[in-house]
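J.: As input, take entry_35.json (JSON, N, CA and C atoms):
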[["chain", "number", "residue", "atom", "x", "y", "z"],
["A", 1, "MET", "N", -0.83, 18.53, -3.57],
["A", 1, "MET", "CA", -2.03, 18.78, -4.35],
["A", 1, "MET", "C", -2.07, 17.89, -5.59],
["A", 2, "ASN", "N", -0.92, 17.72, -6.24],
["A", 2, "ASN", "CA", -0.84, 16.89, -7.42],
["A", 2, "ASN", "C", -1.22, 15.44, -7.09],
["A", 3, "LEU", "N", -0.80, 14.99, -5.89],
["A", 3, "LEU", "CA", -1.13, 13.64, -5.45],
["A", 3, "LEU", "C", -2.65, 13.46, -5.34],
["A", 4, "LEU", "N", -3.34, 14.45, -4.81],
["A", 4, "LEU", "CA", -4.79, 14.39, -4.69],
["A", 4, "LEU", "C", -5.44, 14.36, -6.07],
["A", 5, "ARG", "N", -4.92, 15.16, -6.98],
["A", 5, "ARG", "CA", -5.48, 15.21, -8.33],
["A", 5, "ARG", "C", -5.35, 13.86, -9.04],
["A", 6, "GLU", "N", -4.24, 13.18, -8.81],
["A", 6, "GLU", "CA", -3.99, 11.90, -9.46],
["A", 6, "GLU", "C", -4.69, 10.72, -8.78],
["A", 7, "ASN", "N", -5.10, 10.89, -7.53],
["A", 7, "ASN", "CA", -5.64, 9.77, -6.78],
["A", 7, "ASN", "C", -7.03, 10.00, -6.21],
["A", 8, "TRP", "N", -7.75, 10.96, -6.73],
["A", 8, "TRP", "CA", -9.07, 11.25, -6.19],
["A", 8, "TRP", "C", -10.00, 10.05, -6.28],
["A", 9, "PHE", "N", -9.84, 9.24, -7.32],
["A", 9, "PHE", "CA", -10.71, 8.08, -7.50],
["A", 9, "PHE", "C", -10.44, 7.02, -6.43],
["A", 10, "ASN", "N", -9.19, 6.87, -5.99],
["A", 10, "ASN", "CA", -8.89, 5.94, -4.91],
["A", 10, "ASN", "C", -9.47, 6.44, -3.59],
["A", 11, "LEU", "N", -9.39, 7.74, -3.37],
["A", 11, "LEU", "CA", -9.98, 8.31, -2.16],
["A", 11, "LEU", "C", -11.50, 8.19, -2.19],
["A", 12, "LEU", "N", -12.10, 8.38, -3.35],
["A", 12, "LEU", "CA", -13.54, 8.20, -3.50],
["A", 12, "LEU", "C", -13.94, 6.77, -3.17],
["A", 13, "ALA", "N", -13.21, 5.80, -3.69],
["A", 13, "ALA", "CA", -13.51, 4.40, -3.41],
["A", 13, "ALA", "C", -13.41, 4.12, -1.92],
["A", 14, "ALA", "N", -12.37, 4.64, -1.28],
["A", 14, "ALA", "CA", -12.19, 4.41, 0.16],
["A", 14, "ALA", "C", -13.34, 5.01, 0.95],
["A", 15, "ILE", "N", -13.72, 6.24, 0.62],
["A", 15, "ILE", "CA", -14.82, 6.90, 1.33],
["A", 15, "ILE", "C", -16.12, 6.11, 1.14],
["A", 16, "LEU", "N", -16.40, 5.71, -0.09],
["A", 16, "LEU", "CA", -17.62, 4.94, -0.34],
["A", 16, "LEU", "C", -17.61, 3.60, 0.41],
["A", 17, "LEU", "N", -16.45, 2.96, 0.48],
["A", 17, "LEU", "CA", -16.35, 1.69, 1.19],
["A", 17, "LEU", "C", -16.56, 1.87, 2.69],
["A", 18, "PHE", "N", -15.99, 2.92, 3.26],
["A", 18, "PHE", "CA", -16.20, 3.16, 4.68],
["A", 18, "PHE", "C", -17.64, 3.58, 4.97],
["A", 19, "TRP", "N", -18.23, 4.33, 4.04],
["A", 19, "TRP", "CA", -19.63, 4.75, 4.21],
["A", 19, "TRP", "C", -20.57, 3.53, 4.13],
["A", 20, "ALA", "N", -20.13, 2.48, 3.49],
["A", 20, "ALA", "CA", -20.96, 1.28, 3.36],
["A", 20, "ALA", "C", -21.22, 0.61, 4.71],
["A", 21, "LEU", "N", -20.48, 0.99, 5.75],
["A", 21, "LEU", "CA", -20.72, 0.44, 7.08],
["A", 21, "LEU", "C", -22.01, 0.96, 7.68],
["A", 22, "ALA", "N", -22.49, 2.09, 7.18],
["A", 22, "ALA", "CA", -23.76, 2.65, 7.64],
["A", 22, "ALA", "C", -24.92, 1.85, 7.04],
["A", 23, "ASP", "N", -26.10, 2.13, 7.53],
["A", 23, "ASP", "CA", -27.29, 1.45, 7.00],
["A", 23, "ASP", "C", -27.78, 2.22, 5.78],
["A", 24, "ASN", "N", -27.48, 1.70, 4.61],
["A", 24, "ASN", "CA", -27.80, 2.37, 3.35],
["A", 24, "ASN", "C", -28.84, 1.56, 2.58],
["A", 25, "PRO", "N", -29.54, 2.22, 1.63],
["A", 25, "PRO", "CA", -30.46, 1.47, 0.78],
["A", 25, "PRO", "C", -29.69, 0.52, -0.15],
["A", 26, "TYR", "N", -30.38, -0.48, -0.64],
["A", 26, "TYR", "CA", -29.75, -1.50, -1.47],
["A", 26, "TYR", "C", -29.08, -0.91, -2.71],
["A", 27, "GLY", "N", -29.68, 0.13, -3.28],
["A", 27, "GLY", "CA", -29.11, 0.78, -4.46],
["A", 27, "GLY", "C", -27.71, 1.32, -4.22],
["A", 28, "TYR", "N", -27.43, 1.74, -2.99],
["A", 28, "TYR", "CA", -26.09, 2.24, -2.67],
["A", 28, "TYR", "C", -25.06, 1.14, -2.86],
["A", 29, "TYR", "N", -25.39, -0.06, -2.41],
["A", 29, "TYR", "CA", -24.44, -1.17, -2.50],
["A", 29, "TYR", "C", -24.25, -1.63, -3.95],
["A", 30, "GLN", "N", -25.30, -1.49, -4.76],
["A", 30, "GLN", "CA", -25.15, -1.79, -6.19],
["A", 30, "GLN", "C", -24.22, -0.77, -6.85],
["A", 31, "LEU", "N", -24.41, 0.50, -6.54],
["A", 31, "LEU", "CA", -23.52, 1.55, -7.05],
["A", 31, "LEU", "C", -22.10, 1.32, -6.55],
["A", 32, "LEU", "N", -21.95, 0.96, -5.29],
["A", 32, "LEU", "CA", -20.63, 0.69, -4.71],
["A", 32, "LEU", "C", -19.90, -0.41, -5.48],
["A", 33, "ARG", "N", -20.62, -1.47, -5.82],
["A", 33, "ARG", "CA", -20.00, -2.56, -6.59],
["A", 33, "ARG", "C", -19.44, -2.06, -7.92],
["A", 34, "TRP", "N", -20.21, -1.27, -8.64],
["A", 34, "TRP", "CA", -19.76, -0.75, -9.93],
["A", 34, "TRP", "C", -18.55, 0.16, -9.77],
["A", 35, "VAL", "N", -18.64, 1.10, -8.84],
["A", 35, "VAL", "CA", -17.56, 2.08, -8.67],
["A", 35, "VAL", "C", -16.28, 1.39, -8.23],
["A", 36, "VAL", "N", -16.36, 0.53, -7.21],
["A", 36, "VAL", "CA", -15.16, -0.14, -6.70],
["A", 36, "VAL", "C", -14.56, -1.05, -7.77],
["A", 37, "THR", "N", -15.40, -1.76, -8.50],
["A", 37, "THR", "CA", -14.88, -2.65, -9.54],
["A", 37, "THR", "C", -14.15, -1.87, -10.62],
["A", 38, "ILE", "N", -14.73, -0.79, -11.10],
["A", 38, "ILE", "CA", -14.11, 0.01, -12.16],
["A", 38, "ILE", "C", -12.78, 0.59, -11.68],
["A", 39, "ILE", "N", -12.77, 1.13, -10.47],
["A", 39, "ILE", "CA", -11.52, 1.72, -9.95],
["A", 39, "ILE", "C", -10.48, 0.64, -9.70],
["A", 40, "ALA", "N", -10.90, -0.51, -9.20],
["A", 40, "ALA", "CA", -9.95, -1.60, -8.95],
["A", 40, "ALA", "C", -9.35, -2.12, -10.26],
["A", 41, "ILE", "N", -10.18, -2.24, -11.29],
["A", 41, "ILE", "CA", -9.66, -2.68, -12.60],
["A", 41, "ILE", "C", -8.66, -1.65, -13.13],
["A", 42, "HIS", "N", -8.99, -0.39, -13.02],
["A", 42, "HIS", "CA", -8.09, 0.68, -13.45],
["A", 42, "HIS", "C", -6.76, 0.60, -12.71],
["A", 43, "ASN", "N", -6.82, 0.41, -11.38],
["A", 43, "ASN", "CA", -5.60, 0.31, -10.59],
["A", 43, "ASN", "C", -4.80, -0.94, -10.94],
["A", 44, "ALA", "N", -5.49, -2.04, -11.17],
["A", 44, "ALA", "CA", -4.79, -3.28, -11.54],
["A", 44, "ALA", "C", -4.08, -3.10, -12.88],
["A", 45, "TYR", "N", -4.73, -2.45, -13.82],
["A", 45, "TYR", "CA", -4.13, -2.19, -15.13],
["A", 45, "TYR", "C", -2.88, -1.31, -15.00],
["A", 46, "LYS", "N", -3.00, -0.22, -14.22],
["A", 46, "LYS", "CA", -1.86, 0.66, -14.03],
["A", 46, "LYS", "C", -0.72, -0.06, -13.32],
["A", 47, "ALA", "N", -1.05, -0.86, -12.30],
["A", 47, "ALA", "CA", -0.02, -1.60, -11.56],
["A", 47, "ALA", "C", 0.67, -2.61, -12.47],
["A", 48, "TYR", "N", -0.09, -3.25, -13.33],
["A", 48, "TYR", "CA", 0.49, -4.21, -14.26],
["A", 48, "TYR", "C", 1.47, -3.53, -15.21],
["A", 49, "ASN", "N", 1.08, -2.37, -15.72],
["A", 49, "ASN", "CA", 1.97, -1.63, -16.64],
["A", 49, "ASN", "C", 3.24, -1.14, -15.95],
["A", 50, "LEU", "N", 3.15, -0.91, -14.63],
["A", 50, "LEU", "CA", 4.32, -0.48, -13.86],
["A", 50, "LEU", "C", 5.09, -1.67, -13.29],
["A", 51, "GLU", "N", 4.65, -2.88, -13.67],
["A", 51, "GLU", "CA", 5.26, -4.12, -13.21],
["A", 51, "GLU", "C", 5.22, -4.28, -11.70],
["A", 52, "ARG", "N", 4.16, -3.82, -11.10],
["A", 52, "ARG", "CA", 3.92, -4.01, -9.67],
["A", 52, "ARG", "C", 2.93, -5.16, -9.53],
["A", 53, "ILE", "N", 3.45, -6.34, -9.58],
["A", 53, "ILE", "CA", 2.62, -7.55, -9.64],
["A", 53, "ILE", "C", 1.78, -7.73, -8.37],
["A", 54, "GLY", "N", 2.34, -7.40, -7.22],
["A", 54, "GLY", "CA", 1.58, -7.53, -5.97],
["A", 54, "GLY", "C", 0.32, -6.69, -5.98],
["A", 55, "TRP", "N", 0.47, -5.42, -6.37],
["A", 55, "TRP", "CA", -0.69, -4.53, -6.46],
["A", 55, "TRP", "C", -1.67, -4.99, -7.54],
["A", 56, "THR", "N", -1.14, -5.55, -8.61],
["A", 56, "THR", "CA", -2.01, -6.07, -9.67],
["A", 56, "THR", "C", -2.92, -7.15, -9.10],
["A", 57, "TRP", "N", -2.34, -8.08, -8.35],
["A", 57, "TRP", "CA", -3.15, -9.14, -7.75],
["A", 57, "TRP", "C", -4.14, -8.61, -6.72],
["A", 58, "VAL", "N", -3.71, -7.68, -5.89],
["A", 58, "VAL", "CA", -4.59, -7.14, -4.85],
["A", 58, "VAL", "C", -5.81, -6.47, -5.48],
["A", 59, "PHE", "N", -5.58, -5.62, -6.46],
["A", 59, "PHE", "CA", -6.71, -4.92, -7.08],
["A", 59, "PHE", "C", -7.53, -5.85, -7.97],
["A", 60, "GLY", "N", -6.90, -6.86, -8.54],
["A", 60, "GLY", "CA", -7.65, -7.86, -9.30],
["A", 60, "GLY", "C", -8.62, -8.63, -8.40],
["A", 61, "ILE", "N", -8.16, -8.99, -7.22],
["A", 61, "ILE", "CA", -9.03, -9.70, -6.27],
["A", 61, "ILE", "C", -10.17, -8.80, -5.80],
["A", 62, "ILE", "N", -9.86, -7.53, -5.53],
["A", 62, "ILE", "CA", -10.92, -6.59, -5.13],
["A", 62, "ILE", "C", -11.95, -6.46, -6.25],
["A", 63, "ALA", "N", -11.49, -6.34, -7.49],
["A", 63, "ALA", "CA", -12.42, -6.24, -8.63],
["A", 63, "ALA", "C", -13.27, -7.49, -8.74],
["A", 64, "LEU", "N", -12.68, -8.63, -8.51],
["A", 64, "LEU", "CA", -13.42, -9.89, -8.57],
["A", 64, "LEU", "C", -14.48, -9.97, -7.47],
["A", 65, "LEU", "N", -14.11, -9.59, -6.25],
["A", 65, "LEU", "CA", -15.05, -9.64, -5.13],
["A", 65, "LEU", "C", -16.24, -8.70, -5.31],
["A", 66, "PHE", "N", -15.97, -7.51, -5.84],
["A", 66, "PHE", "CA", -17.02, -6.49, -5.93],
["A", 66, "PHE", "C", -17.74, -6.48, -7.28],
["A", 67, "ASN", "N", -17.34, -7.34, -8.21],
["A", 67, "ASN", "CA", -17.91, -7.25, -9.55],
["A", 67, "ASN", "C", -19.44, -7.40, -9.51],
["A", 68, "PRO", "N", -20.15, -6.53, -10.22],
["A", 68, "PRO", "CA", -21.61, -6.55, -10.22],
["A", 68, "PRO", "C", -22.20, -7.54, -11.24],
["A", 69, "ILE", "N", -21.38, -8.07, -12.14],
["A", 69, "ILE", "CA", -21.89, -8.97, -13.17],
["A", 69, "ILE", "C", -22.15, -10.37, -12.61],
["A", 70, "LEU", "N", -21.15, -10.90, -11.93],
["A", 70, "LEU", "CA", -21.27, -12.20, -11.26],
["A", 70, "LEU", "C", -21.00, -11.99, -9.77],
["A", 71, "PRO", "N", -21.99, -11.45, -9.05],
["A", 71, "PRO", "CA", -21.73, -11.03, -7.67],
["A", 71, "PRO", "C", -21.59, -12.21, -6.69],
["A", 72, "PHE", "N", -20.78, -11.95, -5.67],
["A", 72, "PHE", "CA", -20.70, -12.86, -4.53],
["A", 72, "PHE", "C", -21.77, -12.42, -3.54],
["A", 73, "TYR", "N", -22.50, -13.38, -3.00],
["A", 73, "TYR", "CA", -23.52, -13.09, -2.00],
["A", 73, "TYR", "C", -23.01, -13.56, -0.65],
["A", 74, "LEU", "N", -22.67, -12.59, 0.19],
["A", 74, "LEU", "CA", -22.13, -12.89, 1.51],
["A", 74, "LEU", "C", -22.98, -12.20, 2.57],
["A", 75, "GLU", "N", -22.80, -12.60, 3.81],
["A", 75, "GLU", "CA", -23.52, -11.98, 4.92],
["A", 75, "GLU", "C", -23.07, -10.53, 5.10],
["A", 76, "ARG", "N", -23.93, -9.72, 5.68],
["A", 76, "ARG", "CA", -23.62, -8.30, 5.89],
["A", 76, "ARG", "C", -22.35, -8.12, 6.72],
["A", 77, "ASP", "N", -22.20, -8.91, 7.77],
["A", 77, "ASP", "CA", -21.00, -8.80, 8.62],
["A", 77, "ASP", "C", -19.73, -9.08, 7.82],
["A", 78, "THR", "N", -19.79, -10.06, 6.94],
["A", 78, "THR", "CA", -18.64, -10.40, 6.11],
["A", 78, "THR", "C", -18.32, -9.26, 5.16],
["A", 79, "TRP", "N", -19.36, -8.68, 4.55],
["A", 79, "TRP", "CA", -19.14, -7.56, 3.64],
["A", 79, "TRP", "C", -18.56, -6.37, 4.37],
["A", 80, "GLN", "N", -18.96, -6.14, 5.61],
["A", 80, "GLN", "CA", -18.43, -5.00, 6.35],
["A", 80, "GLN", "C", -16.92, -5.15, 6.57],
["A", 81, "ILE", "N", -16.48, -6.37, 6.86],
["A", 81, "ILE", "CA", -15.05, -6.63, 7.03],
["A", 81, "ILE", "C", -14.33, -6.40, 5.70],
["A", 82, "ILE", "N", -14.90, -6.92, 4.61],
["A", 82, "ILE", "CA", -14.30, -6.75, 3.29],
["A", 82, "ILE", "C", -14.26, -5.28, 2.90],
["A", 83, "ASP", "N", -15.34, -4.53, 3.20],
["A", 83, "ASP", "CA", -15.38, -3.11, 2.89],
["A", 83, "ASP", "C", -14.26, -2.35, 3.60],
["A", 84, "VAL", "N", -14.05, -2.64, 4.88],
["A", 84, "VAL", "CA", -13.00, -1.96, 5.64],
["A", 84, "VAL", "C", -11.63, -2.30, 5.08],
["A", 85, "ILE", "N", -11.38, -3.59, 4.82],
["A", 85, "ILE", "CA", -10.09, -4.01, 4.28],
["A", 85, "ILE", "C", -9.84, -3.37, 2.92],
["A", 86, "ALA", "N", -10.84, -3.39, 2.05],
["A", 86, "ALA", "CA", -10.68, -2.79, 0.73],
["A", 86, "ALA", "C", -10.46, -1.28, 0.83],
["A", 87, "GLY", "N", -11.19, -0.62, 1.73],
["A", 87, "GLY", "CA", -10.99, 0.82, 1.92],
["A", 87, "GLY", "C", -9.59, 1.14, 2.38],
["A", 88, "ILE", "N", -9.06, 0.32, 3.29],
["A", 88, "ILE", "CA", -7.69, 0.50, 3.76],
["A", 88, "ILE", "C", -6.70, 0.28, 2.62],
["A", 89, "VAL", "N", -6.96, -0.71, 1.79],
["A", 89, "VAL", "CA", -6.08, -0.98, 0.64],
["A", 89, "VAL", "C", -6.03, 0.22, -0.29],
["A", 90, "PHE", "N", -7.18, 0.80, -0.58],
["A", 90, "PHE", "CA", -7.20, 1.98, -1.46],
["A", 90, "PHE", "C", -6.44, 3.14, -0.83],
["A", 91, "MET", "N", -6.56, 3.33, 0.49],
["A", 91, "MET", "CA", -5.82, 4.39, 1.17],
["A", 91, "MET", "C", -4.32, 4.11, 1.14],
["A", 92, "ILE", "N", -3.92, 2.86, 1.40],
["A", 92, "ILE", "CA", -2.51, 2.51, 1.38],
["A", 92, "ILE", "C", -1.93, 2.71, -0.02],
["A", 93, "SER", "N", -2.71, 2.42, -1.05],
["A", 93, "SER", "CA", -2.21, 2.60, -2.41],
["A", 93, "SER", "C", -1.90, 4.07, -2.68],
["A", 94, "VAL", "N", -2.70, 4.97, -2.14],
["A", 94, "VAL", "CA", -2.44, 6.41, -2.30],
["A", 94, "VAL", "C", -1.16, 6.77, -1.57],
["A", 95, "LEU", "N", -1.01, 6.30, -0.33],
["A", 95, "LEU", "CA", 0.19, 6.60, 0.45],
["A", 95, "LEU", "C", 1.42, 5.97, -0.18],
["A", 96, "SER", "N", 1.25, 4.80, -0.77],
["A", 96, "SER", "CA", 2.36, 4.12, -1.44],
["A", 96, "SER", "C", 2.83, 4.93, -2.64],
["A", 97, "LYS", "N", 1.90, 5.50, -3.38],
["A", 97, "LYS", "CA", 2.25, 6.33, -4.52],
["A", 97, "LYS", "C", 2.97, 7.59, -4.06],
["A", 98, "LYS", "N", 2.51, 8.16, -2.95],
["A", 98, "LYS", "CA", 3.15, 9.36, -2.42],
["A", 98, "LYS", "C", 4.58, 9.03, -2.01],
["A", 99, "ARG", "N", 4.77, 7.91, -1.35],
["A", 99, "ARG", "CA", 6.10, 7.51, -0.90],
["A", 99, "ARG", "C", 7.03, 7.24, -2.09],
["A", 100, "SER", "N", 6.50, 6.55, -3.11],
["A", 100, "SER", "CA", 7.35, 6.26, -4.28],
["A", 100, "SER", "C", 7.70, 7.53, -5.05],
["A", 101, "GLN", "N", 6.80, 8.52, -5.03],
["A", 101, "GLN", "CA", 7.10, 9.78, -5.71],
["A", 101, "GLN", "C", 8.18, 10.55, -4.98],
["A", 102, "THR", "N", 8.19, 10.51, -3.65],
["A", 102, "THR", "CA", 9.20, 11.24, -2.90],
["A", 102, "THR", "C", 10.56, 10.56, -2.99],
["A", 103, "THR", "N", 10.59, 9.24, -3.12],
["A", 103, "THR", "CA", 11.87, 8.54, -3.22],
["A", 103, "THR", "C", 12.47, 8.68, -4.63],
["A", 104, "GLU", "N", 11.62, 8.95, -5.64],
["A", 104, "GLU", "CA", 12.11, 9.11, -7.00],
["A", 104, "GLU", "C", 12.76, 10.46, -7.21],
["A", 105, "LYS", "N", 12.43, 11.44, -6.37],
["A", 105, "LYS", "CA", 12.96, 12.80, -6.55],
["A", 105, "LYS", "C", 14.38, 12.92, -6.07]]
How does the structure come out when it is put into C-alpha cells?

T.:
Amino acid sequence: MNLLRENWFNLLAAILLFWALADNPYGYYQLLRWVVTIIAIHNAYKAYNLERIGWTWVFGIIALLFNPILPFYLERDTWQIIDVIAGIVFMISVLSKKRSQTTEK
C-alpha cells in the first residue's frame, strides 16, 4: 500500500499514456504532454538526487519528448509507439522502486 501511495503519479502517467492509444480529442493529448512532462521532470530530479544516472537520463528524455513548450510534431503511429514505451518505463520505475525497497530491508 505504501508503494502505491508513493508512486500513484507514475501509475497515473502510465494509464494516461496507454489511454492515448484510443481515439481522443486533441485536448487530451495537450493535457497528456503537461502531465507526463511534469511527472518525468519530478522523476528525473529524484533519480538525480539518488545518483541513479540511468533513470535521470531516461526521464529527462521523456520530459524532452513530451514537453508542451517546444513540442515535437510526429505522426500518430510514431506517437503511439512512444506512448507505449513511455508507459512501460513508468511501470518499470514503480516495480524497480518496489524491488529496491525489498532488497534494502

J.: Between A:Gly60, A:Gln80, A:Asn2, A:Phe90, single out the one closest to Ala40 in chain A, counting only N, CA and C atoms.

T.: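 Closest candidate: A:Gly60.
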
J.: Could you jot down the atom N of Arg33 in chain A to CA of Phe66 in chain A separation for me, Å, one decimal place?

T.: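 Going from atom N of Arg33 in chain A over to CA of Phe66 in chain A, I get 6.2 Å.
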
J.: Pull the alpha helix (DSSP H) assignments for chain A out of DSSP run on the backbone, and list those residues as a ChimeraX atom specification.

T.: /A:2-19,26-49,53-66,76-104

J.: Between CA of Thr37 in chain A and CA of Phe59 in chain A, what is the distance in Å, rounded to a tenth?

T.: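 If I compute the distance from CA of Thr37 in chain A to CA of Phe59 in chain A, I get 8.8 Å.
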
J.: For Ile39 in chain A, please output as a PDB file with N, CA and C atoms, keeping the file's coordinate frame all residues within 10 Å (counting only C-alpha atoms; exclusion window: fewer than 2 positions along the same chain).

T.:
ATOM      1  N   PHE A   9      -9.840   9.240  -7.320  1.00  0.00           N
ATOM      2  CA  PHE A   9     -10.710   8.080  -7.500  1.00  0.00           C
ATOM      3  C   PHE A   9     -10.440   7.020  -6.430  1.00  0.00           C
ATOM      4  N   ASN A  10      -9.190   6.870  -5.990  1.00  0.00           N
ATOM      5  CA  ASN A  10      -8.890   5.940  -4.910  1.00  0.00           C
ATOM      6  C   ASN A  10      -9.470   6.440  -3.590  1.00  0.00           C
ATOM      7  N   LEU A  12     -12.100   8.380  -3.350  1.00  0.00           N
ATOM      8  CA  LEU A  12     -13.540   8.200  -3.500  1.00  0.00           C
ATOM      9  C   LEU A  12     -13.940   6.770  -3.170  1.00  0.00           C
ATOM     10  N   ALA A  13     -13.210   5.800  -3.690  1.00  0.00           N
ATOM     11  CA  ALA A  13     -13.510   4.400  -3.410  1.00  0.00           C
ATOM     12  C   ALA A  13     -13.410   4.120  -1.920  1.00  0.00           C
ATOM     13  N   TRP A  34     -20.210  -1.270  -8.640  1.00  0.00           N
ATOM     14  CA  TRP A  34     -19.760  -0.750  -9.930  1.00  0.00           C
ATOM     15  C   TRP A  34     -18.550   0.160  -9.770  1.00  0.00           C
ATOM     16  N   VAL A  35     -18.640   1.100  -8.840  1.00  0.00           N
ATOM     17  CA  VAL A  35     -17.560   2.080  -8.670  1.00  0.00           C
ATOM     18  C   VAL A  35     -16.280   1.390  -8.230  1.00  0.00           C
ATOM     19  N   VAL A  36     -16.360   0.530  -7.210  1.00  0.00           N
ATOM     20  CA  VAL A  36     -15.160  -0.140  -6.700  1.00  0.00           C
ATOM     21  C   VAL A  36     -14.560  -1.050  -7.770  1.00  0.00           C
ATOM     22  N   THR A  37     -15.400  -1.760  -8.500  1.00  0.00           N
ATOM     23  CA  THR A  37     -14.880  -2.650  -9.540  1.00  0.00           C
ATOM     24  C   THR A  37     -14.150  -1.870 -10.620  1.00  0.00           C
ATOM     25  N   ILE A  41     -10.180  -2.240 -11.290  1.00  0.00           N
ATOM     26  CA  ILE A  41      -9.660  -2.680 -12.600  1.00  0.00           C
ATOM     27  C   ILE A  41      -8.660  -1.650 -13.130  1.00  0.00           C
ATOM     28  N   HIS A  42      -8.990  -0.390 -13.020  1.00  0.00           N
ATOM     29  CA  HIS A  42      -8.090   0.680 -13.450  1.00  0.00           C
ATOM     30  C   HIS A  42      -6.760   0.600 -12.710  1.00  0.00           C
ATOM     31  N   ASN A  43      -6.820   0.410 -11.380  1.00  0.00           N
ATOM     32  CA  ASN A  43      -5.600   0.310 -10.590  1.00  0.00           C
ATOM     33  C   ASN A  43      -4.800  -0.940 -10.940  1.00  0.00           C
ATOM     34  N   ALA A  44      -5.490  -2.040 -11.170  1.00  0.00           N
ATOM     35  CA  ALA A  44      -4.790  -3.280 -11.540  1.00  0.00           C
ATOM     36  C   ALA A  44      -4.080  -3.100 -12.880  1.00  0.00           C
ATOM     37  N   TYR A  45      -4.730  -2.450 -13.820  1.00  0.00           N
ATOM     38  CA  TYR A  45      -4.130  -2.190 -15.130  1.00  0.00           C
ATOM     39  C   TYR A  45      -2.880  -1.310 -15.000  1.00  0.00           C
ATOM     40  N   PHE A  59      -5.580  -5.620  -6.460  1.00  0.00           N
ATOM     41  CA  PHE A  59      -6.710  -4.920  -7.080  1.00  0.00           C
ATOM     42  C   PHE A  59      -7.530  -5.850  -7.970  1.00  0.00           C
ATOM     43  N   ILE A  62      -9.860  -7.530  -5.530  1.00  0.00           N
ATOM     44  CA  ILE A  62     -10.920  -6.590  -5.130  1.00  0.00           C
ATOM     45  C   ILE A  62     -11.950  -6.460  -6.250  1.00  0.00           C
ATOM     46  N   ALA A  63     -11.490  -6.340  -7.490  1.00  0.00           N
ATOM     47  CA  ALA A  63     -12.420  -6.240  -8.630  1.00  0.00           C
ATOM     48  C   ALA A  63     -13.270  -7.490  -8.740  1.00  0.00           C
ATOM     49  N   PHE A  90      -7.180   0.800  -0.580  1.00  0.00           N
ATOM     50  CA  PHE A  90      -7.200   1.980  -1.460  1.00  0.00           C
ATOM     51  C   PHE A  90      -6.440   3.140  -0.830  1.00  0.00           C
TER      52      PHE A  90
END

J.: Give the answer as one residue: which of A:Tyr48, A:Leu31, A:Asn7, A:Ile53 has the shortest atom-to-atom distance to Val94 in chain A, using only N, CA and C atoms?

T.: A:Asn7

J.: Just the number, please: distance in Å from atom N of Lys46 in chain A to atom N of Ile15 in chain A, one decimal.

T.: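 Spanning atom N of Lys46 in chain A to atom N of Ile15 in chain A is a straight-line distance of 19.4 Å.
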
J.: When distances are computed from only N, CA and C atoms, which of A:Leu50, A:Leu4, A:Ala20, A:Val58 shows the smallest separation from Trp79 in chain A?

T.: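 Comparing A:Leu50, A:Leu4, A:Ala20, A:Val58 against Trp79 in chain A, the winner is A:Ala20.
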